[in-house]
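*Asks:* Sharing run-v7.csv here; it has CSV, C-alpha atoms.
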```
chain,number,residue,atom,x,y,z
A,14,MET,CA,-13.9,11.1,-17.3
A,15,LYS,CA,-10.1,10.9,-18.0
A,16,LEU,CA,-7.6,11.0,-15.2
A,17,MET,CA,-3.8,10.8,-15.4
A,18,ALA,CA,-2.6,8.2,-12.9
A,19,ALA,CA,0.9,7.3,-11.8
A,20,ALA,CA,2.3,4.2,-10.1
A,21,VAL,CA,5.6,4.6,-8.4
A,22,GLN,CA,7.8,1.5,-8.4
A,23,MET,CA,10.7,2.2,-6.1
A,24,PRO,CA,13.1,0.3,-3.9
A,25,CYS,CA,12.9,1.3,-0.2
A,26,ASP,CA,15.7,1.2,2.3
A,27,LEU,CA,14.8,-0.6,5.5
A,28,LEU,CA,14.1,1.9,8.3
A,29,ASP,CA,15.7,4.8,6.5
A,30,LEU,CA,13.0,7.4,6.5
A,31,SER,CA,15.2,10.2,5.2
A,32,ALA,CA,16.5,8.3,2.1
A,33,ASN,CA,13.0,6.9,1.3
A,34,LEU,CA,11.2,10.3,1.5
A,35,GLN,CA,13.8,12.0,-0.5
A,36,ARG,CA,13.7,9.3,-3.2
A,37,ALA,CA,9.9,9.6,-3.2
A,38,ASP,CA,10.0,13.3,-3.5
A,39,GLY,CA,12.0,13.2,-6.7
A,40,LEU,CA,9.6,10.7,-8.2
A,41,LEU,CA,6.6,12.7,-7.1
A,42,ARG,CA,8.1,15.8,-8.7
A,43,ARG,CA,8.5,13.9,-12.0
A,44,ALA,CA,4.9,12.7,-11.7
A,45,ARG,CA,3.7,16.2,-11.2
A,46,GLU,CA,5.7,17.4,-14.3
A,47,GLY,CA,4.0,14.7,-16.3
A,48,GLY,CA,0.6,16.0,-15.2
A,49,ALA,CA,-0.3,13.2,-12.7
A,50,GLU,CA,-3.5,13.8,-10.7
A,51,LEU,CA,-3.3,10.5,-8.8
A,52,VAL,CA,0.0,9.1,-7.6
A,53,VAL,CA,0.3,5.7,-5.8
A,54,PHE,CA,3.3,4.6,-3.8
A,55,PRO,CA,4.1,1.1,-2.6
A,56,GLU,CA,3.3,-0.5,0.7
A,57,LEU,CA,5.5,0.8,3.6
A,58,PHE,CA,7.4,3.0,1.2
A,59,ASN,CA,8.8,5.1,4.0
A,60,THR,CA,10.1,2.4,6.3
A,61,GLY,CA,10.8,-0.4,3.8
A,62,TYR,CA,9.2,-3.8,4.1
A,63,SER,CA,10.9,-6.6,5.9
A,64,LEU,CA,10.7,-8.4,9.3
A,65,CYS,CA,12.4,-6.1,11.7
A,66,PRO,CA,12.5,-6.3,15.6
A,67,ASP,CA,9.9,-3.6,16.1
A,68,TYR,CA,8.2,-1.1,13.8
A,69,GLY,CA,7.0,0.7,16.9
A,70,PRO,CA,9.6,3.6,16.9
A,71,HIS,CA,8.9,4.1,13.2
A,72,GLY,CA,5.1,4.2,13.4
A,73,GLU,CA,3.4,7.5,12.9
A,74,THR,CA,0.3,9.3,13.8
A,75,PRO,CA,-1.3,11.7,11.2
A,76,GLU,CA,1.0,14.4,12.6
A,77,GLY,CA,4.1,12.3,11.8
A,78,PRO,CA,6.7,13.3,9.1
A,79,THR,CA,5.5,11.0,6.3
A,80,LEU,CA,1.8,12.1,6.4
A,81,SER,CA,2.8,15.8,7.0
A,82,TYR,CA,5.0,15.6,3.9
A,83,LEU,CA,2.4,13.8,1.8
A,84,ARG,CA,-0.4,16.2,2.8
A,85,ARG,CA,1.7,19.2,2.1
A,86,ARG,CA,2.7,17.9,-1.3
A,87,ALA,CA,-0.9,17.0,-2.1
A,88,ARG,CA,-2.1,20.5,-1.4
A,89,GLN,CA,0.9,22.2,-2.9
A,90,TRP,CA,0.8,20.3,-6.2
A,91,LYS,CA,-2.9,19.6,-6.4
A,92,MET,CA,-2.6,15.9,-6.5
A,93,HIS,CA,-4.2,12.9,-4.8
A,94,ILE,CA,-1.5,10.8,-3.2
A,95,ALA,CA,-1.9,7.2,-1.9
A,96,ALA,CA,1.1,5.8,0.0
A,97,GLY,CA,1.7,2.9,2.4
A,98,TYR,CA,3.2,3.5,5.9
A,99,VAL,CA,3.3,2.2,9.4
A,100,GLU,CA,0.5,3.8,11.3
A,101,ARG,CA,0.6,3.9,15.1
A,102,GLU,CA,-2.4,4.5,17.2
A,103,GLY,CA,-1.6,4.2,20.9
A,104,ARG,CA,0.0,0.8,21.3
A,105,HIS,CA,-1.3,-0.6,18.1
A,106,LEU,CA,0.6,-0.7,14.8
A,107,TYR,CA,-1.1,-1.0,11.4
A,108,ASP,CA,0.1,-1.6,7.9
A,109,SER,CA,-1.8,1.3,6.5
A,110,LEU,CA,-2.4,3.2,3.3
A,111,ALA,CA,-2.9,6.9,3.5
A,112,PHE,CA,-4.9,8.8,0.9
A,113,CYS,CA,-4.2,12.6,0.8
A,114,THR,CA,-6.3,15.0,-1.2
A,115,PRO,CA,-5.5,18.5,-2.5
A,116,SER,CA,-8.1,19.9,-0.2
A,117,GLY,CA,-6.1,18.6,2.8
A,118,GLU,CA,-8.3,15.6,3.7
A,119,LEU,CA,-6.7,12.4,4.9
A,120,HIS,CA,-8.2,9.0,4.7
A,121,ILE,CA,-6.6,5.9,6.1
A,122,TYR,CA,-7.1,2.3,5.0
A,123,ARG,CA,-5.6,-0.4,7.3
A,124,LYS,CA,-4.5,-3.7,5.6
A,125,ARG,CA,-7.0,-6.4,6.6
A,126,ASN,CA,-5.3,-9.6,5.4
A,127,LEU,CA,-1.9,-9.9,7.0
A,128,VAL,CA,0.3,-12.7,5.8
A,129,PHE,CA,3.6,-14.3,6.9
A,130,TRP,CA,5.5,-12.3,9.5
A,131,GLU,CA,3.1,-9.3,9.2
A,132,ARG,CA,0.7,-10.6,11.9
A,133,PHE,CA,3.7,-10.7,14.3
A,134,ARG,CA,4.2,-6.9,13.9
A,135,PHE,CA,0.8,-5.4,12.9
A,136,HIS,CA,-2.8,-5.4,14.0
A,137,PRO,CA,-5.2,-6.2,11.1
A,138,GLY,CA,-7.7,-3.6,9.9
A,139,ARG,CA,-11.4,-4.3,9.9
A,140,GLU,CA,-13.0,-2.1,7.3
A,141,PRO,CA,-12.9,-1.5,3.6
A,142,LEU,CA,-12.5,2.1,2.5
A,143,VAL,CA,-14.2,3.9,-0.3
A,144,VAL,CA,-13.5,7.6,-0.7
A,145,PRO,CA,-15.5,9.9,-3.0
A,146,THR,CA,-13.4,12.1,-5.2
A,147,PRO,CA,-14.1,14.6,-8.0
A,148,TRP,CA,-13.7,11.8,-10.5
A,149,GLY,CA,-15.6,9.0,-8.7
A,150,ARG,CA,-15.3,6.6,-5.8
A,151,VAL,CA,-11.9,5.1,-5.0
A,152,GLY,CA,-11.5,1.8,-3.2
A,153,PHE,CA,-8.2,0.6,-1.5
A,154,ALA,CA,-6.3,-2.6,-0.9
A,155,VAL,CA,-2.8,-3.4,0.3
A,156,CYS,CA,-0.8,-6.2,-1.2
A,157,ALA,CA,-2.2,-9.6,0.0
A,158,ASP,CA,-5.7,-8.1,0.3
A,159,MET,CA,-6.0,-8.5,-3.4
A,160,ILE,CA,-5.8,-12.3,-3.4
A,161,TYR,CA,-9.0,-12.6,-1.5
A,162,ARG,CA,-12.3,-12.8,-3.3
A,163,ARG,CA,-14.2,-11.1,-0.4
A,164,VAL,CA,-12.2,-7.9,-0.8
A,165,TRP,CA,-13.3,-7.4,-4.4
A,166,ARG,CA,-16.8,-8.7,-3.8
A,167,GLU,CA,-17.2,-5.9,-1.2
A,168,TYR,CA,-16.0,-3.3,-3.7
A,169,ARG,CA,-18.0,-4.5,-6.7
A,170,ASP,CA,-20.4,-1.8,-7.9
A,171,ARG,CA,-19.3,0.5,-5.1
A,172,ILE,CA,-16.1,1.9,-6.6
A,173,ASP,CA,-15.1,3.6,-9.9
A,174,LEU,CA,-11.3,3.1,-9.4
A,175,ALA,CA,-9.2,0.8,-7.3
A,176,VAL,CA,-5.8,1.6,-5.8
A,177,VAL,CA,-3.5,-1.2,-4.7
A,178,SER,CA,-0.2,-0.6,-2.9
A,179,ALA,CA,2.1,-3.5,-2.4
A,180,ALA,CA,5.4,-5.0,-1.4
A,181,TRP,CA,4.9,-8.2,-3.2
A,182,PRO,CA,7.9,-10.5,-3.5
A,183,GLU,CA,8.8,-12.9,-6.3
A,184,PHE,CA,9.2,-15.9,-3.9
A,185,ALA,CA,12.1,-17.1,-5.9
A,186,ASP,CA,15.8,-17.1,-5.0
A,187,ARG,CA,17.4,-14.1,-6.6
A,188,GLY,CA,20.6,-15.9,-7.2
A,189,THR,CA,19.4,-19.1,-8.7
A,190,GLY,CA,15.9,-18.0,-9.9
A,191,ARG,CA,14.5,-21.1,-8.3
A,192,ARG,CA,10.9,-20.7,-7.2
A,193,HIS,CA,9.8,-21.6,-3.7
A,194,TRP,CA,7.9,-24.9,-3.6
A,195,LEU,CA,4.8,-23.5,-2.0
A,196,LEU,CA,4.7,-19.8,-3.0
A,197,GLY,CA,6.6,-19.7,-6.2
A,198,ARG,CA,3.4,-19.4,-8.2
A,199,VAL,CA,2.1,-16.6,-6.1
A,200,GLY,CA,4.8,-14.1,-7.2
A,201,PRO,CA,3.8,-13.7,-10.8
A,202,LEU,CA,0.1,-13.2,-9.7
A,203,CYS,CA,0.9,-9.6,-8.9
A,204,SER,CA,0.8,-8.7,-12.6
A,205,ASP,CA,-2.2,-10.9,-13.3
A,206,ILE,CA,-4.6,-9.9,-10.5
A,207,PRO,CA,-4.8,-6.1,-11.1
A,208,ARG,CA,-5.7,-6.8,-14.8
A,209,ARG,CA,-8.3,-9.4,-13.8
A,210,VAL,CA,-9.9,-7.0,-11.3
A,211,ALA,CA,-10.0,-4.2,-13.8
A,212,GLU,CA,-11.8,-6.5,-16.3
A,213,ASP,CA,-14.0,-8.1,-13.7
A,214,LEU,CA,-15.1,-5.0,-11.9
A,215,GLY,CA,-14.9,-2.8,-15.0
A,216,VAL,CA,-12.9,-0.1,-13.2
A,217,PRO,CA,-9.3,1.1,-13.6
A,218,VAL,CA,-6.8,-0.4,-11.2
A,219,VAL,CA,-3.6,1.5,-10.2
A,220,PHE,CA,-1.1,-1.0,-8.7
A,221,ALA,CA,2.2,0.2,-7.2
A,222,ASN,CA,4.7,-2.4,-6.0
A,223,GLN,CA,8.2,-2.2,-4.5
A,224,CYS,CA,11.2,-3.4,-6.4
A,225,GLY,CA,14.7,-4.4,-5.3
A,226,ASP,CA,16.2,-7.1,-3.1
A,227,THR,CA,14.4,-8.4,-0.1
A,228,GLN,CA,14.2,-11.4,2.2
A,229,THR,CA,10.9,-13.1,2.7
A,230,ARG,CA,10.5,-14.9,6.1
A,231,ILE,CA,7.8,-17.4,6.5
A,232,PRO,CA,7.5,-18.1,10.3
A,233,LEU,CA,5.9,-21.6,10.4
A,234,LEU,CA,8.2,-23.1,7.7
A,235,HIS,CA,11.2,-21.5,9.3
A,236,THR,CA,12.1,-20.4,5.8
A,237,THR,CA,13.9,-17.3,4.6
A,238,ILE,CA,13.8,-16.7,0.8
A,239,ARG,CA,16.5,-14.4,-0.5
A,240,ASP,CA,14.4,-13.0,-3.2
A,241,ARG,CA,13.3,-9.7,-4.8
A,242,PHE,CA,10.2,-7.7,-4.9
A,243,ALA,CA,8.2,-8.6,-7.9
A,244,GLY,CA,7.9,-5.1,-9.4
A,245,ARG,CA,5.5,-5.3,-12.3
A,246,SER,CA,3.5,-2.3,-11.2
A,247,SER,CA,0.7,-1.6,-13.6
A,248,ILE,CA,-2.0,0.8,-14.6
A,249,CYS,CA,-5.0,-1.1,-16.0
A,250,ASP,CA,-7.7,1.0,-17.6
A,251,GLY,CA,-10.7,-1.0,-16.8
A,252,ARG,CA,-12.0,-2.6,-20.0
A,253,HIS,CA,-10.2,0.0,-22.1
A,254,GLY,CA,-7.2,-1.7,-23.7
A,255,GLU,CA,-4.0,-3.3,-22.4
A,256,PRO,CA,-2.5,-2.5,-19.0
A,257,VAL,CA,0.7,-0.4,-18.9
A,258,ARG,CA,3.3,-2.3,-16.9
A,259,ALA,CA,6.7,-1.8,-15.3
A,260,GLY,CA,9.4,-4.5,-15.2
A,261,LEU,CA,11.6,-5.4,-12.3
A,262,GLU,CA,13.5,-2.1,-12.1
A,263,PRO,CA,12.6,1.2,-10.5
A,264,ASP,CA,10.1,3.0,-12.7
A,265,LEU,CA,7.5,5.7,-12.8
A,266,LEU,CA,4.4,4.5,-14.7
A,267,MET,CA,2.0,7.1,-16.0
A,268,ALA,CA,-1.1,6.5,-18.0
A,269,PRO,CA,-4.5,8.0,-18.5
A,270,VAL,CA,-7.4,6.0,-17.1
A,271,THR,CA,-11.1,6.3,-17.9
A,272,LEU,CA,-13.7,6.5,-15.1
A,273,HIS,CA,-17.4,6.0,-15.4
A,274,PRO,CA,-18.8,7.3,-12.2
A,275,LYS,CA,-22.4,6.1,-11.7
A,276,ARG,CA,-25.0,8.5,-10.4
A,277,GLY,CA,-27.0,7.9,-7.3
A,278,LEU,CA,-25.2,4.8,-6.0
A,279,LYS,CA,-25.1,4.4,-2.3
A,280,SER,CA,-21.5,4.9,-1.4
A,281,TRP,CA,-20.2,4.0,2.0
A,282,HIS,CA,-17.3,5.7,3.5
A,283,SER,CA,-15.2,4.6,6.4
A,284,THR,CA,-12.0,6.0,7.8
A,285,SER,CA,-9.8,5.1,10.7
A,286,PRO,CA,-10.5,6.9,13.9
A,287,SER,CA,-7.4,9.0,13.4
A,288,ALA,CA,-8.6,10.5,10.1
A,289,PRO,CA,-10.7,13.4,11.5
A,290,ALA,CA,-7.9,14.5,13.7
A,291,ALA,CA,-5.6,14.5,10.8
A,292,ALA,CA,-7.9,16.5,8.6
A,293,SER,CA,-8.3,19.1,11.2
A,294,SER,CA,-4.6,19.5,11.7
A,295,ALA,CA,-3.8,19.4,8.0
A,296,SER,CA,-2.8,23.0,8.0
A,297,GLY,CA,0.1,22.3,10.5
A,298,LEU,CA,2.8,22.5,7.9
A,299,SER,CA,1.4,25.1,5.5
B,12,MET,CA,-11.6,-17.4,2.9
B,13,ALA,CA,-11.8,-18.0,-0.9
B,14,PHE,CA,-9.1,-16.7,-3.2
B,15,TYR,CA,-9.8,-14.4,-6.1
B,16,VAL,CA,-7.6,-16.5,-8.4
B,17,PRO,CA,-7.4,-20.3,-8.1
B,18,LEU,CA,-4.2,-21.4,-6.3
B,19,GLY,CA,-4.8,-25.2,-6.6
B,20,PRO,CA,-3.8,-27.6,-3.8
B,21,ARG,CA,-1.2,-25.2,-2.6
B,22,GLY,CA,-4.0,-22.7,-1.9
B,23,GLY,CA,-5.2,-25.1,0.9
B,24,VAL,CA,-1.7,-25.3,2.4
B,25,PHE,CA,-1.4,-21.5,2.1
B,26,ARG,CA,-4.8,-21.0,3.8
B,27,LEU,CA,-3.9,-23.4,6.7
B,28,GLY,CA,-0.5,-21.8,7.1
B,29,THR,CA,-1.9,-18.3,7.2
B,30,PHE,CA,-4.5,-19.4,9.8
B,31,LEU,CA,-1.8,-20.9,12.0
B,32,ILE,CA,0.6,-18.0,11.6
B,33,GLY,CA,-2.3,-15.7,12.4
B,34,ILE,CA,-2.7,-17.4,15.8
B,35,MET,CA,1.0,-17.5,16.6
B,36,GLY,CA,1.6,-14.0,15.3
B,37,GLY,CA,-1.4,-12.7,17.3
B,38,LEU,CA,0.2,-14.0,20.5
B,39,VAL,CA,3.6,-12.5,19.7
B,40,TYR,CA,2.0,-9.2,18.6
B,41,ARG,CA,0.0,-9.1,21.9
B,42,GLN,CA,3.2,-9.3,24.0
B,43,ALA,CA,4.8,-6.5,22.0
B,44,TYR,CA,1.6,-4.5,22.2
B,45,ARG,CA,1.6,-4.7,26.0
B,46,ARG,CA,5.3,-3.6,26.3
B,47,ARG,CA,4.7,-0.6,24.1
B,48,GLU,CA,4.0,2.9,25.6
B,49,VAL,CA,0.7,4.5,24.9
B,50,SER,CA,2.2,7.8,24.3
B,51,PHE,CA,5.2,8.2,22.0
B,52,PRO,CA,7.1,10.7,19.9
B,53,ASN,CA,6.7,10.7,16.1
B,54,PRO,CA,9.9,10.3,14.1
B,55,SER,CA,11.2,13.6,12.8
B,56,LEU,CA,11.1,14.8,9.2
B,57,PRO,CA,14.6,14.6,7.6
B,58,SER,CA,16.0,18.1,7.5
B,59,PRO,CA,17.1,18.3,3.8
B,60,LEU,CA,13.5,17.5,2.8
B,61,LEU,CA,12.1,19.9,5.3
B,62,ASP,CA,14.3,22.6,3.8
B,63,THR,CA,13.1,21.8,0.3
B,64,LEU,CA,9.5,21.9,1.5
B,65,HIS,CA,10.0,25.3,3.1
B,66,ALA,CA,11.8,26.7,0.1
B,67,GLU,CA,9.0,26.0,-2.2
```
Could you render the structure from this file as structure tokens?

*Replies:*
Amino acid sequence: MKLMAAAVQMPCDLLDLSANLQRADGLLRRAREGGAELVVFPELFNTGYSLCPDYGPHGETPEGPTLSYLRRRARQWKMHIAAGYVEREGRHLYDSLAFCTPSGELHIYRKRNLVFWERFRFHPGREPLVVPTPWGRVGFAVCADMIYRRVWREYRDRIDLAVVSAAWPEFADRGTGRRHWLLGRVGPLCSDIPRRVAEDLGVPVVFANQCGDTQTRIPLLHTTIRDRFAGRSSICDGRHGEPVRAGLEPDLLMAPVTLHPKRGLKSWHSTSPSAPAAASSASGLS
Amino acid sequence: MAFYVPLGPRGGVFRLGTFLIGIMGGLVYRQAYRRREVSFPNPSLPSPLLDTLHAE
């Protein structure tokens, strides 16, 4: 089965919801005009990604503006949309990935492997997420999740397509280009891992990363790297040919991918506790 | 936790660092968690976008 997938590579202004959503809407419109059925946005695309004093006031429930907007567009334009945002549930904050379907369903994956300053601001998720769709089962990961073997071992033979949303930095000074002594080799991995996963698991991988300037703070080392997001979003069509890649600049990648959904496999399906409430209130903006 | 791609000796340092940051970060997060209110208002949808949505 063929599916037109899109990966949005965009810069995100820190804590400027209005600017980010309007930028995203323009890109989503272009993806729709290109016939995209699945669109993936980067991690924390609505708030931007950086250490800030408190994401609390910017965290959202499923009734919040970001998810209301995404759910409405998904229904209106008959698209599946995956996008990273700050989820708030009571006092807890999560670095989450929402998956909105044209039928109004909402599924939420919470990032499990928090790195650097993230653990100071977010609570880690506990569960993988596999969502059945008309084209097959979709598995989700956020940024650093993808460097851990366990994540992909759990998804092996249980998914037909992988979605990865990221705010992955280069770990190199943007002025001098000098790589960080410890993490400098991690930056380029963002273009390598999705391709490896696609070949290894034999499923398409849609990887959307942020681009633009950032500062990466590493608490224990008391280090701040003035670097850039690594960009290099990609759409890897499983074992069917070369990946389509972006560079470092803003881009909208679109490419067809081939899914081979297997029949009769046991698929497990977990969502955050907030998902049922979201689904039931999905008509709020219509 | 094993890495999907080999990171060499730096991988060990990264793993140890992530573990220690996880402990420190967890303590800091817990303080912020306790200060936060259970109920809260969502941010509001930017009005230009809201207008666009309603117009279509």

*Asks:* For chain B, list the residues within 6 Å of chain A, counting all atoms listed in the file, and write the list as a PyMOL selection string.

*Replies:* chain B and resi 13-15+33+36+39-40+44+47+49+53+55-57

*Asks:* For A:Arg187, which of A:Cys203, A:Leu261, A:Ala157, A:Leu142 is the closest residue, counting all atoms listed in the file?

*Replies:*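 With all atoms listed in the file as the atom set, the closest residue is A:Leu261.
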
*Asks:* For atom CA of A:Arg45 and atom CA of A:Leu174, quote the distance in Å rounded to one decimal.

*Replies:* 20.0 Å

*Asks:* Rounded to one decimal in Å, what is the spacing between atom CA of A:Thr60 and atom CA of B:Arg26?

*Replies:*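 Interatomic distance here is 27.9 Å.
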
*Asks:* Contacts of A:Leu57 at 10 Å or less, counting all atoms listed in the file, minus same-chain residues fewer than 3 places along, as a ChimeraX atom specification?

*Replies:* /A:25,27-28,33,54,60-63,96-100,108-110,155,178-180,223

*Asks:* Restricting it to C-alpha atoms, dump the selection as a short mmCIF file (atom, residue, chain, number, x, y, z; two decimals), in the coordinates of the input.

*Replies:*
```
data_model
loop_
_atom_site.label_atom_id
_atom_site.label_comp_id
_atom_site.auth_asym_id
_atom_site.auth_seq_id
_atom_site.Cartn_x
_atom_site.Cartn_y
_atom_site.Cartn_z
CA CYS A 25 12.90 1.30 -0.20
CA LEU A 27 14.80 -0.60 5.50
CA LEU A 28 14.10 1.90 8.30
CA ASN A 33 13.00 6.90 1.30
CA PHE A 54 3.30 4.60 -3.80
CA THR A 60 10.10 2.40 6.30
CA GLY A 61 10.80 -0.40 3.80
CA TYR A 62 9.20 -3.80 4.10
CA SER A 63 10.90 -6.60 5.90
CA ALA A 96 1.10 5.80 0.00
CA GLY A 97 1.70 2.90 2.40
CA TYR A 98 3.20 3.50 5.90
CA VAL A 99 3.30 2.20 9.40
CA GLU A 100 0.50 3.80 11.30
CA ASP A 108 0.10 -1.60 7.90
CA SER A 109 -1.80 1.30 6.50
CA LEU A 110 -2.40 3.20 3.30
CA VAL A 155 -2.80 -3.40 0.30
CA SER A 178 -0.20 -0.60 -2.90
CA ALA A 179 2.10 -3.50 -2.40
CA ALA A 180 5.40 -5.00 -1.40
CA GLN A 223 8.20 -2.20 -4.50
#
```

*Asks:* Between atom CA of A:Leu83 and atom CA of A:Glu183, what is the spacing in Å?

*Replies:*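 Those two atoms sit 28.6 Å apart.
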
*Asks:* Can you pull out the residues contacting A:Leu40? Cut-off 12 Å, using all atoms listed in the file, and skip same-chain residues under 2 positions away; I want them as a VMD selection string.

*Replies:* chain A and resid 19 to 24 33 to 38 42 to 47 49 52 to 54 263 to 267

*Asks:* If we count all atoms listed in the file, what is near A:Cys113 at a cut-off of 8 Å, once residues fewer than 2 positions away on the same chain are taken out, given as a ChimeraX atom specification?

*Replies:* /A:83-84,87,93-95,111,115,117-120
